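K.L.:
Shown below is the structure under consideration.
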Amino acid sequence: MTRKLIGGLAAGFAMLAGAAMAQDYPTRQITMIVPFSAGGPTDTVARLVAESMSRDLGQQVIIENVGGAGGTLGAGRVATADPDGYTLLLHHIGMATSATLYRKLAYDTLGDFEYVGLVTEVPMTIVSRKDMEAADLKGLISYVKEHADEVTLANAGIGAASHLCGMMFMSAIDTPLVTVPYKGTGPAMTDLLGGQVDLMCDQTTNTTQQIKGGTIKAYAVTSPERLAIFPDLPTASEAGLDGFTVGIWHGIYSPKGTPAAINVRLSVSLQKALADPNVIARFAELGTTPSSAAEATPAALKEKLETEIARWKPVIEAAGVYAD
Ligand code: ASP
């Protein structure tokens, strides 16, 4: 038998095995890894979606938080997991930025994963501890510039959305600040509430409740338009940082080699979750809208990841900031 024929037969058997596996899938609990701490914005998005997907799949989709190194530890865990559909990753824009920010990544971002679909895009908010002296963004910028040696800016590590937004903020105001990394912005929020850190740029999925409750101060949203949930909160552009917009997109991935039929089954379940009135209502309360059915597909996420890696690469290289 020629090598080509053997290769062809092996690929054929793998496809058949994959199709057989996909037919009964899922027969047990699925683990969705969130590469940040429990209680943070990525965790919130994942739990809402996982709950609804569990009902559709007839098996529990449980969340495991594997925080650290800006989301790269959790992503690395999924890269080496069995490609059987029982380990998934829900990650955000950091999946794309880490590909350049980390020169020694333990996995190959475009080579080690398969795609399920896009989940949502969440705006960010520039927030501070409650007793921060400044009343608006211009006042905050003046204060920060005068106290640059003391003002602390929380983030969830290099590669996290909060890191990206914080970098953009420091660059926009041309002032480096003291950054404080956490395993997620869940614990960073606890310290912001306690006044142990001064500032953070974080997703509305983590800040909305505190902003509404008056337990932290909000200066701006990073969306191009104001949000329905905060009609009085200006956009960063309106408040003095012209063109400062950032949206944090989220996607679900599986390890490379996961049968296509399983990724498609998961994306159908994801689409149903994103059309679930409870999920839509909860997302709306948190200032975000679910991705469309066309976006919650393997092809759309693959394209998004590739485009975003290409978009951020020159920006990161020009800034010369690396994690290692
Ligand atoms: N999404 C947050 C960030 O990137 C981290 C988290 O979800 O805890 O900063």
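Residues are referred to by chain and number: the chain letter is A, B, ... according to the order shown in the structure tokens, the number counts from 1 in that chain, and ligands are numbered separately from 1 in the order shown.
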Taking only C-alpha atoms and all ligand atoms into account, which residues have an atom no farther than 6 Å from ligand 1? I'd like them as a ChimeraX atom specification.

P.N.:
/A:36-37,40-43,155-156,160-162,184-186

K.L.:
Could you name the residues that touch region 316-318 of chain A at 9 Å or less, counting only C-alpha atoms, but leaving out those on the same chain fewer than 3 positions away, as a ChimeraX atom specification?

P.N.:
/A:97,100-101,312-313,321-322

K.L.:
Which of these residues is nearest to Gln271 (chain A), using only C-alpha atoms: A:Val151, A:Met170, A:Val116, A:Ile229?

P.N.:
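Selected residue with least distance to Gln271 (chain A): A:Val116.
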
K.L.:
Find the residues around Met189 (chain A) up to 9 Å (only C-alpha atoms counted), leave out those fewer than 5 positions away in its own chain, and share them as a list in words.

P.N.:
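These residues fall inside the cut-off: Gly40, Ala154, Gly184, Gly194, Val197, Met200, Asn206 and Thr207 of chain A.
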
K.L.:
Grab the residues selected above and save them as a PDB file, in the first residue's frame with N, CA and C atoms.

P.N.:
ATOM      1  N   GLY A  40     -15.672  37.588  37.621  1.00  0.00           N
ATOM      2  CA  GLY A  40     -15.270  38.684  36.737  1.00  0.00           C
ATOM      3  C   GLY A  40     -16.129  38.730  35.481  1.00  0.00           C
ATOM      4  N   ALA A 154      -5.495  48.939  37.995  1.00  0.00           N
ATOM      5  CA  ALA A 154      -5.624  47.471  38.081  1.00  0.00           C
ATOM      6  C   ALA A 154      -5.826  46.870  36.700  1.00  0.00           C
ATOM      7  N   GLY A 184      -7.796  38.187  37.443  1.00  0.00           N
ATOM      8  CA  GLY A 184      -9.054  38.508  36.774  1.00  0.00           C
ATOM      9  C   GLY A 184      -9.511  39.829  37.354  1.00  0.00           C
ATOM     10  N   GLY A 194     -12.624  48.413  47.777  1.00  0.00           N
ATOM     11  CA  GLY A 194     -11.988  48.659  49.072  1.00  0.00           C
ATOM     12  C   GLY A 194     -11.017  49.829  49.049  1.00  0.00           C
ATOM     13  N   VAL A 197      -6.843  49.909  45.159  1.00  0.00           N
ATOM     14  CA  VAL A 197      -6.336  50.410  43.870  1.00  0.00           C
ATOM     15  C   VAL A 197      -7.224  51.578  43.460  1.00  0.00           C
ATOM     16  N   MET A 200      -9.436  51.516  37.051  1.00  0.00           N
ATOM     17  CA  MET A 200      -9.498  50.297  36.241  1.00  0.00           C
ATOM     18  C   MET A 200     -10.295  50.625  34.977  1.00  0.00           C
ATOM     19  N   ASN A 206     -18.820  43.667  34.306  1.00  0.00           N
ATOM     20  CA  ASN A 206     -18.300  43.614  35.681  1.00  0.00           C
ATOM     21  C   ASN A 206     -18.543  44.910  36.448  1.00  0.00           C
ATOM     22  N   THR A 207     -18.835  45.998  35.732  1.00  0.00           N
ATOM     23  CA  THR A 207     -18.890  47.292  36.431  1.00  0.00           C
ATOM     24  C   THR A 207     -20.303  47.850  36.593  1.00  0.00           C
TER      25      THR A 207
END

K.L.:
Can you list, as an mmCIF file with C-alpha atoms, in the first residue's frame, every protein, DNA or RNA residue that comes within 9 Å of Tyr25 (chain A) when you count only C-alpha atoms, leaving out same-chain residues fewer than 6 positions away?

P.N.:
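Result file follows (around_32.cif):
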data_model
loop_
_atom_site.group_PDB
_atom_site.id
_atom_site.type_symbol
_atom_site.label_atom_id
_atom_site.label_comp_id
_atom_site.auth_asym_id
_atom_site.auth_seq_id
_atom_site.Cartn_x
_atom_site.Cartn_y
_atom_site.Cartn_z
ATOM 1 C CA LEU A 57 -27.230 19.874 25.186
ATOM 2 C CA GLY A 85 -15.674 18.203 22.777
ATOM 3 C CA ILE A 262 -19.057 18.540 17.442
ATOM 4 C CA ARG A 265 -23.361 20.983 17.342
#

K.L.:
Leaving out Pro231 (chain A) and any residue of its chain fewer than 4 positions from it, which residues lie within 12 Å of it when counting only C-alpha atoms, given as a ChimeraX atom specification?

P.N.:
/A:212,220-221,225-227,235,287

K.L.:
Would you write out those residues with C-alpha atoms, as a PDB file, in the first residue's frame?

P.N.:
ATOM      1  CA  LYS A 212     -25.478  51.846  39.433  1.00  0.00           C
ATOM      2  CA  ALA A 220     -16.716  57.129  30.420  1.00  0.00           C
ATOM      3  CA  VAL A 221     -17.765  54.198  28.284  1.00  0.00           C
ATOM      4  CA  GLU A 225     -22.212  55.621  21.280  1.00  0.00           C
ATOM      5  CA  ARG A 226     -23.599  56.058  24.801  1.00  0.00           C
ATOM      6  CA  LEU A 227     -25.221  52.971  26.316  1.00  0.00           C
ATOM      7  CA  THR A 235     -18.366  58.131  25.694  1.00  0.00           C
ATOM      8  CA  GLY A 287     -24.807  46.737  28.525  1.00  0.00           C
TER       9      GLY A 287
END

K.L.:
Just list the residues in region 59-124 of chain A DSSP gives strand (DSSP E) on the backbone, as a list in words.

P.N.:
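DSSP on the backbone gives strand (DSSP E) at Val61, Ile62, Ile63, Glu64, Asn65, Thr87, Leu88, Leu89, Leu90, His91, His92, Phe113, Glu114, Tyr115, Val116, Gly117, Leu118, Val119, Thr120, Glu121, Val122, Pro123 and Met124 of chain A.
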
K.L.:
Could you give me, as a PyMOL selection string, each residue of region 30-190 of chain A that DSSP assigns to helix (DSSP H, G or I) when run on this structure's backbone?

P.N.:
chain A and resi 41-57+69-79+94-101+137-146+161-172+185-190
